[in-house]
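Source file: start_28.tsv. Holds: TSV, C-alpha atoms and all ligand atoms.
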chain	number	residue	atom	x	y	z
H	1	MET	CA	-8.06	9.65	-12.71
H	2	SER	CA	-5.03	10.08	-14.83
H	3	GLU	CA	-1.56	8.85	-14.12
H	4	ARG	CA	-0.43	12.42	-14.65
H	5	ASP	CA	-2.51	13.53	-11.72
H	6	GLU	CA	-1.01	10.89	-9.53
H	7	SER	CA	2.48	11.79	-10.68
H	8	GLU	CA	1.99	15.41	-9.82
H	9	VAL	CA	0.84	14.61	-6.36
H	10	LEU	CA	3.12	11.74	-5.53
H	11	ASN	CA	6.15	13.40	-7.03
H	12	GLN	CA	6.83	15.27	-3.85
H	13	GLU	CA	5.96	12.56	-1.43
H	14	THR	CA	8.64	11.72	0.99
H	15	THR	CA	8.88	8.71	3.17
H	16	PRO	CA	11.22	9.57	5.99
H	17	ASN	CA	13.99	7.47	7.39
H	18	ASN	CA	14.41	5.09	4.52
H	19	PRO	CA	17.97	3.86	4.40
H	20	PRO	CA	20.23	5.65	1.96
H	21	GLN	CA	21.28	3.74	-1.11
H	22	ASN	CA	24.61	2.62	0.26
H	23	GLU	CA	23.03	1.07	3.30
H	24	ARG	CA	21.11	-1.54	1.42
H	25	ARG	CA	23.41	-4.43	2.19
H	26	ARG	CA	23.67	-3.41	5.78
H	27	PHE	CA	19.92	-3.18	5.95
H	28	LEU	CA	19.46	-6.60	4.49
H	29	THR	CA	21.64	-8.20	7.08
H	30	ARG	CA	20.58	-6.26	10.11
H	31	VAL	CA	17.28	-5.53	11.69
H	32	LYS	CA	16.70	-1.84	12.01
H	33	ASP	CA	13.94	0.30	13.28
H	34	ILE	CA	11.50	1.51	10.73
H	35	SER	CA	9.34	4.54	10.74
H	36	ILE	CA	5.63	4.94	10.35
H	37	GLY	CA	4.81	8.23	8.85
H	38	LEU	CA	3.94	9.98	5.65
H	39	LEU	CA	4.92	13.50	4.84
H	40	ILE	CA	2.15	15.22	2.98
H	41	PRO	CA	3.53	17.25	0.08
H	42	LYS	CA	2.64	20.91	-0.18
H	43	SER	CA	0.85	20.33	-3.45
H	44	LEU	CA	-1.43	17.86	-1.75
H	45	ALA	CA	-1.64	19.56	1.60
H	46	LYS	CA	-3.17	22.67	0.10
H	47	PHE	CA	-6.19	20.59	-0.80
H	48	LEU	CA	-6.50	19.04	2.59
H	49	GLY	CA	-7.64	22.09	4.51
H	50	SER	CA	-7.30	21.96	8.26
H	51	TYR	CA	-5.77	18.93	9.76
H	52	PRO	CA	-7.79	17.12	12.41
H	53	ASP	CA	-5.43	18.29	15.08
H	54	GLY	CA	-5.69	21.86	13.86
H	55	ASP	CA	-2.23	21.87	12.36
H	56	SER	CA	-2.41	23.32	8.89
H	57	ASN	CA	1.33	23.48	8.31
H	58	PRO	CA	1.90	21.34	5.21
H	59	ASN	CA	5.44	20.59	6.31
H	60	VAL	CA	4.26	18.72	9.35
H	61	PRO	CA	3.56	15.05	8.77
H	62	LEU	CA	-0.12	14.26	8.80
H	63	VAL	CA	0.78	11.11	10.62
H	64	LYS	CA	3.43	12.05	13.08
H	65	SER	CA	6.60	10.21	12.28
H	66	HIS	CA	8.24	8.34	15.07
H	67	GLN	CA	10.59	5.49	15.46
H	68	ILE	CA	8.90	2.18	15.98
H	69	THR	CA	10.29	-1.28	16.10
H	70	PRO	CA	8.93	-3.93	13.77
H	71	THR	CA	7.61	-5.78	16.79
H	72	GLU	CA	5.66	-2.72	17.82
H	73	LEU	CA	4.43	-2.35	14.27
H	74	LEU	CA	3.03	-5.84	14.31
H	75	ALA	CA	1.29	-5.18	17.60
H	76	LEU	CA	-0.22	-1.99	16.20
H	77	LEU	CA	-1.41	-3.74	13.09
H	78	ALA	CA	-2.99	-6.48	15.13
H	79	LEU	CA	-4.66	-3.98	17.44
H	80	GLY	CA	-6.05	-2.16	14.45
H	81	GLY	CA	-7.55	-5.31	13.10
H	82	LEU	CA	-5.44	-5.01	9.98
H	83	LEU	CA	-4.27	-8.55	10.13
H	84	GLN	CA	-6.51	-11.46	9.66
H	85	SER	CA	-5.93	-15.11	10.01
H	86	SER	CA	-4.79	-16.56	6.74
H	87	SER	CA	-2.98	-19.64	5.68
H	88	GLN	CA	-0.51	-17.37	3.96
H	89	ALA	CA	-0.24	-14.74	6.64
H	90	THR	CA	2.77	-15.05	8.83
H	91	VAL	CA	1.69	-12.87	11.70
H	92	GLU	CA	3.11	-15.32	14.18
H	93	ALA	CA	6.51	-15.01	12.61
H	94	ASP	CA	9.21	-12.58	13.62
H	95	ALA	CA	7.91	-9.13	12.71
H	96	ASN	CA	11.45	-8.03	12.01
H	97	LYS	CA	11.39	-10.39	9.08
H	98	THR	CA	7.90	-9.86	7.69
H	99	ILE	CA	7.19	-7.85	4.55
H	100	TRP	CA	3.72	-6.97	3.29
H	101	PHE	CA	3.91	-6.22	-0.43
H	102	THR	CA	1.07	-4.08	-1.76
H	103	PHE	CA	0.26	-3.16	-5.36
H	104	ASP	CA	-2.02	-0.23	-6.14
H	105	ASP	CA	-4.28	0.89	-8.99
H	106	GLY	CA	-4.73	-1.88	-11.62
H	107	TYR	CA	-5.22	0.21	-14.74
H	108	VAL	CA	-1.90	-0.84	-16.28
H	109	GLY	CA	0.34	-3.86	-15.74
H	110	LEU	CA	-1.90	-5.87	-13.44
H	111	GLY	CA	-1.34	-9.20	-15.17
H	112	SER	CA	2.44	-8.97	-15.17
H	113	LYS	CA	2.56	-8.16	-11.46
H	114	ILE	CA	0.28	-11.08	-10.59
H	115	ALA	CA	2.41	-13.40	-12.72
H	116	ALA	CA	5.56	-12.23	-10.95
H	117	VAL	CA	4.33	-12.65	-7.39
H	118	ASN	CA	2.88	-16.03	-8.35
H	119	ALA	CA	6.17	-17.20	-9.83
H	120	LEU	CA	8.06	-15.90	-6.81
H	121	GLN	CA	5.47	-17.31	-4.40
H	122	VAL	CA	4.99	-13.98	-2.68
H	123	PRO	CA	1.46	-13.52	-1.33
H	124	SER	CA	0.51	-9.89	-1.87
H	125	THR	CA	-2.28	-7.40	-1.36
H	126	PHE	CA	-3.69	-5.58	-4.40
H	127	PHE	CA	-5.55	-2.31	-3.88
H	128	LEU	CA	-7.49	-1.97	-7.15
H	129	THR	CA	-10.02	0.64	-8.15
H	130	GLY	CA	-13.53	-0.49	-9.02
H	131	GLN	CA	-12.90	0.70	-12.55
H	132	ALA	CA	-9.84	-1.54	-12.85
H	133	ILE	CA	-11.69	-4.55	-11.46
H	134	TYR	CA	-14.38	-4.17	-14.13
H	135	ALA	CA	-11.76	-3.52	-16.82
H	136	TYR	CA	-9.70	-6.61	-15.97
H	137	PRO	CA	-12.06	-9.27	-14.60
H	138	GLY	CA	-9.83	-12.14	-15.73
H	139	ASP	CA	-6.73	-10.80	-14.01
H	140	THR	CA	-8.74	-9.97	-10.90
H	141	GLN	CA	-10.08	-13.53	-10.80
H	142	THR	CA	-6.55	-14.90	-11.21
H	143	LEU	CA	-5.43	-12.67	-8.36
H	144	VAL	CA	-8.10	-14.03	-6.03
H	145	ASN	CA	-7.67	-17.63	-7.17
H	146	SER	CA	-3.93	-17.38	-6.51
H	147	GLY	CA	-4.54	-16.51	-2.89
H	148	HIS	CA	-3.69	-12.82	-3.00
H	149	VAL	CA	-5.87	-10.29	-1.25
H	150	LEU	CA	-8.05	-7.68	-2.94
H	151	GLY	CA	-8.35	-4.34	-1.16
H	152	ASN	CA	-10.38	-1.19	-1.82
H	153	HIS	CA	-8.80	1.73	-3.73
H	154	THR	CA	-12.06	3.64	-4.39
H	155	TRP	CA	-14.16	3.60	-7.54
H	156	ASN	CA	-12.15	5.94	-9.74
H	157	HIS	CA	-9.01	6.82	-7.79
H	158	SER	CA	-10.69	9.61	-5.89
H	159	ASN	CA	-8.98	11.91	-3.43
H	160	LEU	CA	-11.20	11.07	-0.47
H	161	THR	CA	-10.24	14.18	1.48
H	162	ARG	CA	-12.23	16.17	-1.07
H	163	GLN	CA	-15.33	14.02	-0.64
H	164	SER	CA	-18.30	14.35	1.68
H	165	ALA	CA	-19.36	11.40	3.81
H	166	ASP	CA	-21.77	10.44	1.04
H	167	GLY	CA	-19.00	10.76	-1.51
H	168	ILE	CA	-16.67	8.53	0.48
H	169	THR	CA	-19.47	6.03	0.94
H	170	TYR	CA	-20.11	6.03	-2.80
H	171	GLN	CA	-16.42	5.65	-3.69
H	172	LEU	CA	-15.79	2.73	-1.35
H	173	GLY	CA	-19.17	1.16	-2.06
H	174	MET	CA	-18.70	1.16	-5.82
H	175	CYS	CA	-15.31	-0.54	-5.49
H	176	GLU	CA	-16.79	-3.09	-3.11
H	177	ASP	CA	-19.65	-3.72	-5.55
H	178	ALA	CA	-17.12	-4.32	-8.33
H	179	ALA	CA	-15.27	-6.87	-6.22
H	180	GLN	CA	-18.49	-8.61	-5.26
H	181	ASN	CA	-19.90	-8.60	-8.79
H	182	VAL	CA	-16.73	-9.64	-10.62
H	183	VAL	CA	-15.03	-12.09	-8.28
H	184	GLY	CA	-17.48	-12.56	-5.42
H	185	VAL	CA	-15.19	-11.39	-2.63
H	186	SER	CA	-15.30	-8.46	-0.25
H	187	THR	CA	-12.60	-5.80	-0.07
H	188	LYS	CA	-13.19	-5.35	3.66
H	189	ARG	CA	-11.44	-4.46	5.84
H	190	ARG	CA	-8.65	-3.02	3.73
H	191	MET	CA	-8.73	0.41	2.16
H	192	ARG	CA	-5.85	2.39	0.75
H	193	PRO	CA	-6.72	6.01	0.00
H	194	PRO	CA	-5.51	7.16	-3.42
H	195	TYR	CA	-2.52	9.54	-3.18
H	196	GLY	CA	-2.25	8.52	0.46
H	197	ALA	CA	-4.68	11.38	1.01
H	198	VAL	CA	-6.40	10.84	4.32
H	199	ASN	CA	-7.55	12.68	7.41
H	200	ASN	CA	-9.51	11.74	10.49
H	201	PHE	CA	-12.81	12.42	8.75
H	202	VAL	CA	-11.96	9.99	5.97
H	203	ARG	CA	-10.66	7.45	8.45
H	204	ASN	CA	-13.81	7.66	10.53
H	205	VAL	CA	-16.22	7.40	7.61
H	206	ALA	CA	-14.22	4.49	6.23
H	207	ALA	CA	-14.17	2.81	9.63
H	208	ASN	CA	-17.94	3.14	9.91
H	209	LEU	CA	-18.17	1.38	6.55
H	210	GLY	CA	-15.96	-1.41	7.84
H	211	TYR	CA	-12.57	-0.35	6.54
H	212	ASP	CA	-9.15	0.18	8.06
H	213	THR	CA	-7.10	2.83	6.31
H	214	ILE	CA	-3.80	1.29	5.29
H	215	LEU	CA	-0.83	3.40	4.21
H	216	TRP	CA	2.74	2.11	3.99
H	217	ASN	CA	6.17	2.10	5.57
H	218	TRP	CA	8.22	1.92	2.39
H	219	ASP	CA	7.58	3.83	-0.84
H	220	THR	CA	9.34	2.41	-3.87
H	221	ARG	CA	8.03	5.22	-6.11
H	222	ASP	CA	7.92	2.58	-8.82
H	223	TRP	CA	5.03	4.39	-10.53
H	224	ALA	CA	7.56	7.07	-11.50
H	225	GLY	CA	9.84	4.58	-13.24
H	226	THR	CA	12.42	4.44	-10.48
H	227	SER	CA	15.33	2.07	-11.05
H	228	VAL	CA	15.60	-1.52	-9.89
H	229	GLY	CA	18.20	-0.40	-7.36
H	230	TYR	CA	16.02	2.38	-6.02
H	231	ILE	CA	13.08	0.03	-5.61
H	232	GLU	CA	15.21	-2.57	-3.85
H	233	ASN	CA	16.61	0.04	-1.49
H	234	ASN	CA	13.09	0.94	-0.46
H	235	ILE	CA	11.93	-2.52	0.47
H	236	GLY	CA	12.07	-3.50	4.13
H	237	PRO	CA	10.13	-5.05	6.99
H	238	GLY	CA	6.65	-3.57	7.12
H	239	ILE	CA	4.25	-2.50	4.37
H	240	VAL	CA	5.82	-1.83	0.96
H	241	LEU	CA	4.03	0.39	-1.58
H	242	MET	CA	4.23	-0.68	-5.22
H	243	HIS	CA	2.03	-0.12	-8.27
H	244	THR	CA	0.73	-2.32	-11.07
H	245	GLN	CA	2.05	0.21	-13.58
H	246	GLY	CA	5.62	0.17	-12.24
H	247	ARG	CA	8.04	-0.36	-15.11
H	248	ASN	CA	10.91	-1.85	-13.10
H	249	THR	CA	8.88	-3.43	-10.33
H	250	VAL	CA	8.93	-6.97	-11.68
H	251	ALA	CA	12.66	-6.87	-12.35
H	252	ALA	CA	13.30	-5.63	-8.83
H	253	LEU	CA	11.17	-8.37	-7.31
H	254	TYR	CA	12.91	-11.10	-9.28
H	255	ASP	CA	16.25	-9.71	-8.17
H	256	ILE	CA	15.59	-9.18	-4.49
H	257	ILE	CA	13.08	-11.83	-3.43
H	258	PRO	CA	15.54	-14.74	-3.50
H	259	ALA	CA	17.97	-12.73	-1.38
H	260	LEU	CA	15.28	-11.73	1.10
H	261	THR	CA	14.06	-15.32	1.34
H	262	ALA	CA	17.59	-16.57	1.90
H	263	GLN	CA	17.93	-14.11	4.75
H	264	GLY	CA	14.81	-15.39	6.44
H	265	TYR	CA	12.31	-12.75	5.42
H	266	ASN	CA	8.74	-13.90	4.94
H	267	PHE	CA	5.87	-12.34	3.06
H	268	ALA	CA	2.34	-11.87	4.24
H	269	VAL	CA	-0.98	-10.44	3.16
H	270	LEU	CA	-2.92	-7.76	4.97
I	301	ZN	ZN	-3.43	4.69	-6.52
Step by step, read the file and then write its structure as structure tokens.
Amino acid sequence: MSERDESEVLNQETTPNNPPQNERRRFLTRVKDISIGLLIPKSLAKFLGSYPDGDSNPNVPLVKSHQITPTELLALLALGGLLQSSSQATVEADANKTIWFTFDDGYVGLGSKIAAVNALQVPSTFFLTGQAIYAYPGDTQTLVNSGHVLGNHTWNHSNLTRQSADGITYQLGMCEDAAQNVVGVSTKRRMRPPYGAVNNFVRNVAANLGYDTILWNWDTRDWAGTSVGYIENNIGPGIVLMHTQGRNTVAALYDIIPALTAQGYNFAVL
């Protein structure tokens, strides 16, 4: 995969209902409903073919967007088996105050992101490709040793909606093999599809392999070099999407984590 490919696809991604910039302070001091949903951009949708529900309109969210309270989100996550018991998980805590930070890819900037979340004591989930795990075995070991969670992001950043069942099995299996061979842990049951490209076929094949498909509630677009302010404005209760290659990601975390902690937010792994 190339970062250019990802940029082209993700460029048009939209995460609905994020608070506008000027609502950040209000957001930080007030619980608000968040939205689960991911609008599939036209550039991506054209590759997806028919949607499982027969809706081929690229302007319609693949996952229907609807308002959901953080409490409901937590219940949904638990029902889906996305949460597991962990000394660092805070699933018992107030869902309105829980943030799941996730970092994707691993090709660039992995070490600096691990160092930051370690220094800030923020347990996080890293969705690395198998290629990245083999390329950075030391960083991956540090990640695991530090108590963070390693999830599956395919072998080579594949768009799984273009793969057959065998192809999906290969992509997830090769990443799992990398995790097992390099650090001796399993990536199950956490899989994030590259580009957020997913349909029911992918979900079902992944589920049969033992994986839950995990998207996000908040998209910082940090891979595109968004500003510290932009990133901070797109962090909230729920699952936050970040990338190891984000240029301003570390600065944003250092700036906002103390404030979030002071306001009672807690951080958990998937
Ligand atoms: Zn990715």
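Nearest residue to ligand ZN 301 (chain I) among H:Asn118, H:Ser164, H:Asn96, H:Thr244 is H:Thr244, counting all atoms listed in the file.
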Coordinates-based distance that separates atom CA of Tyr211 of chain H from atom CA of Leu241 of chain H (Å, one decimal):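 For atom CA of Leu241 of chain H relative to atom CA of Tyr211 of chain H, the distance reads 18.5 Å.
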Quick one: residues within 6 Å of ligand ZN 301 (chain I), with only C-alpha atoms and all ligand atoms, as a PyMOL selection string? chain H and resi 104-105+194-195
Of the candidates H:Ala251, H:Ala132, H:Leu209, H:Met174, which shows the shortest atom-to-atom distance to Val117 of chain H, using only C-alpha atoms? H:Ala251
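Atom CA of Gln180 of chain H is positioned 19.7 Å from atom CA of Ile114 of chain H.
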Which residue of H:Val108, H:Ile256, H:Ile214, H:Cys175 approaches Tyr230 of chain H most closely, using all atoms listed in the file: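 Closest to Tyr230 of chain H of all the choices is H:Ile256.
The space separating atom CA of Trp223 of chain H from atom CA of Ala262 of chain H comes to 27.4 Å.
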Given the choices H:Val144, H:Val202, H:Leu172, H:Ile239, which gets closest to Trp216 of chain H if the distance is worked out from all atoms listed in the file?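 Among H:Val144, H:Val202, H:Leu172, H:Ile239, it is H:Ile239 that comes nearest to Trp216 of chain H.
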Which is closest to Ser186 of chain H among H:Val240, H:Leu150, H:Leu260, H:Leu270, if we use only C-alpha atoms?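 Smallest distance to Ser186 of chain H is found for H:Leu150.
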H:Gln263, H:Asn152, H:Asn208, H:Thr220 ranked by distance to Lys188 of chain H, top pick (using only C-alpha atoms):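 Closest residue, counting only C-alpha atoms: H:Asn152.
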Starting from the sparse input, extend segment 148-173 of chain H to N, CA and C atoms and give the output as a PDB file, keeping the file's coordinate frame.
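Written file, rebuild.pdb:
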ATOM      1  N   HIS H 148      -4.016 -14.195  -3.390  1.00  0.00           N
ATOM      2  CA  HIS H 148      -3.690 -12.820  -3.000  1.00  0.00           C
ATOM      3  C   HIS H 148      -4.951 -12.141  -2.475  1.00  0.00           C
ATOM      4  N   VAL H 149      -4.747 -10.987  -1.887  1.00  0.00           N
ATOM      5  CA  VAL H 149      -5.870 -10.290  -1.250  1.00  0.00           C
ATOM      6  C   VAL H 149      -6.235  -9.048  -2.066  1.00  0.00           C
ATOM      7  N   LEU H 150      -7.535  -8.828  -2.202  1.00  0.00           N
ATOM      8  CA  LEU H 150      -8.050  -7.680  -2.940  1.00  0.00           C
ATOM      9  C   LEU H 150      -8.538  -6.624  -1.948  1.00  0.00           C
ATOM     10  N   GLY H 151      -7.945  -5.442  -2.036  1.00  0.00           N
ATOM     11  CA  GLY H 151      -8.350  -4.340  -1.160  1.00  0.00           C
ATOM     12  C   GLY H 151      -9.029  -3.233  -1.952  1.00  0.00           C
ATOM     13  N   ASN H 152      -9.578  -2.257  -1.218  1.00  0.00           N
ATOM     14  CA  ASN H 152     -10.380  -1.190  -1.820  1.00  0.00           C
ATOM     15  C   ASN H 152      -9.521   0.039  -2.103  1.00  0.00           C
ATOM     16  N   HIS H 153      -9.579   0.539  -3.333  1.00  0.00           N
ATOM     17  CA  HIS H 153      -8.800   1.730  -3.730  1.00  0.00           C
ATOM     18  C   HIS H 153      -9.728   2.771  -4.366  1.00  0.00           C
ATOM     19  N   THR H 154     -10.959   2.763  -3.936  1.00  0.00           N
ATOM     20  CA  THR H 154     -12.060   3.640  -4.390  1.00  0.00           C
ATOM     21  C   THR H 154     -12.541   3.243  -5.792  1.00  0.00           C
ATOM     22  N   TRP H 155     -13.601   3.890  -6.225  1.00  0.00           N
ATOM     23  CA  TRP H 155     -14.160   3.600  -7.540  1.00  0.00           C
ATOM     24  C   TRP H 155     -13.263   4.096  -8.669  1.00  0.00           C
ATOM     25  N   ASN H 156     -12.895   5.378  -8.614  1.00  0.00           N
ATOM     26  CA  ASN H 156     -12.150   5.940  -9.740  1.00  0.00           C
ATOM     27  C   ASN H 156     -10.929   6.742  -9.297  1.00  0.00           C
ATOM     28  N   HIS H 157     -10.245   6.198  -8.287  1.00  0.00           N
ATOM     29  CA  HIS H 157      -9.010   6.820  -7.790  1.00  0.00           C
ATOM     30  C   HIS H 157      -9.286   8.236  -7.277  1.00  0.00           C
ATOM     31  N   SER H 158     -10.268   8.322  -6.434  1.00  0.00           N
ATOM     32  CA  SER H 158     -10.690   9.610  -5.890  1.00  0.00           C
ATOM     33  C   SER H 158      -9.832  10.035  -4.701  1.00  0.00           C
ATOM     34  N   ASN H 159      -9.584  11.331  -4.625  1.00  0.00           N
ATOM     35  CA  ASN H 159      -8.980  11.910  -3.430  1.00  0.00           C
ATOM     36  C   ASN H 159     -10.097  12.035  -2.397  1.00  0.00           C
ATOM     37  N   LEU H 160     -10.088  11.143  -1.417  1.00  0.00           N
ATOM     38  CA  LEU H 160     -11.200  11.070  -0.470  1.00  0.00           C
ATOM     39  C   LEU H 160     -11.280  12.270   0.453  1.00  0.00           C
ATOM     40  N   THR H 161     -10.181  13.005   0.598  1.00  0.00           N
ATOM     41  CA  THR H 161     -10.240  14.180   1.480  1.00  0.00           C
ATOM     42  C   THR H 161     -11.049  15.301   0.841  1.00  0.00           C
ATOM     43  N   ARG H 162     -11.388  15.157  -0.415  1.00  0.00           N
ATOM     44  CA  ARG H 162     -12.230  16.170  -1.070  1.00  0.00           C
ATOM     45  C   ARG H 162     -13.677  15.715  -1.161  1.00  0.00           C
ATOM     46  N   GLN H 163     -13.975  14.570  -0.559  1.00  0.00           N
ATOM     47  CA  GLN H 163     -15.330  14.020  -0.640  1.00  0.00           C
ATOM     48  C   GLN H 163     -16.099  14.233   0.661  1.00  0.00           C
ATOM     49  N   SER H 164     -17.409  14.332   0.510  1.00  0.00           N
ATOM     50  CA  SER H 164     -18.300  14.350   1.680  1.00  0.00           C
ATOM     51  C   SER H 164     -18.426  12.913   2.189  1.00  0.00           C
ATOM     52  N   ALA H 165     -19.118  12.756   3.294  1.00  0.00           N
ATOM     53  CA  ALA H 165     -19.360  11.400   3.810  1.00  0.00           C
ATOM     54  C   ALA H 165     -20.084  10.563   2.754  1.00  0.00           C
ATOM     55  N   ASP H 166     -21.063  11.170   2.094  1.00  0.00           N
ATOM     56  CA  ASP H 166     -21.770  10.440   1.040  1.00  0.00           C
ATOM     57  C   ASP H 166     -20.837  10.088  -0.112  1.00  0.00           C
ATOM     58  N   GLY H 167     -19.951  11.005  -0.432  1.00  0.00           N
ATOM     59  CA  GLY H 167     -19.000  10.760  -1.510  1.00  0.00           C
ATOM     60  C   GLY H 167     -18.048   9.616  -1.182  1.00  0.00           C
ATOM     61  N   ILE H 168     -17.556   9.611   0.048  1.00  0.00           N
ATOM     62  CA  ILE H 168     -16.670   8.530   0.480  1.00  0.00           C
ATOM     63  C   ILE H 168     -17.423   7.202   0.446  1.00  0.00           C
ATOM     64  N   THR H 169     -18.652   7.239   0.929  1.00  0.00           N
ATOM     65  CA  THR H 169     -19.470   6.030   0.940  1.00  0.00           C
ATOM     66  C   THR H 169     -19.680   5.508  -0.481  1.00  0.00           C
ATOM     67  N   TYR H 170     -19.930   6.415  -1.402  1.00  0.00           N
ATOM     68  CA  TYR H 170     -20.110   6.030  -2.800  1.00  0.00           C
ATOM     69  C   TYR H 170     -18.816   5.427  -3.365  1.00  0.00           C
ATOM     70  N   GLN H 171     -17.695   6.103  -3.133  1.00  0.00           N
ATOM     71  CA  GLN H 171     -16.420   5.650  -3.690  1.00  0.00           C
ATOM     72  C   GLN H 171     -16.032   4.254  -3.189  1.00  0.00           C
ATOM     73  N   LEU H 172     -16.157   4.032  -1.890  1.00  0.00           N
ATOM     74  CA  LEU H 172     -15.790   2.730  -1.350  1.00  0.00           C
ATOM     75  C   LEU H 172     -16.832   1.672  -1.702  1.00  0.00           C
ATOM     76  N   GLY H 173     -18.095   2.103  -1.736  1.00  0.00           N
ATOM     77  CA  GLY H 173     -19.170   1.160  -2.060  1.00  0.00           C
ATOM     78  C   GLY H 173     -19.104   0.675  -3.498  1.00  0.00           C
TER      79      GLY H 173
END
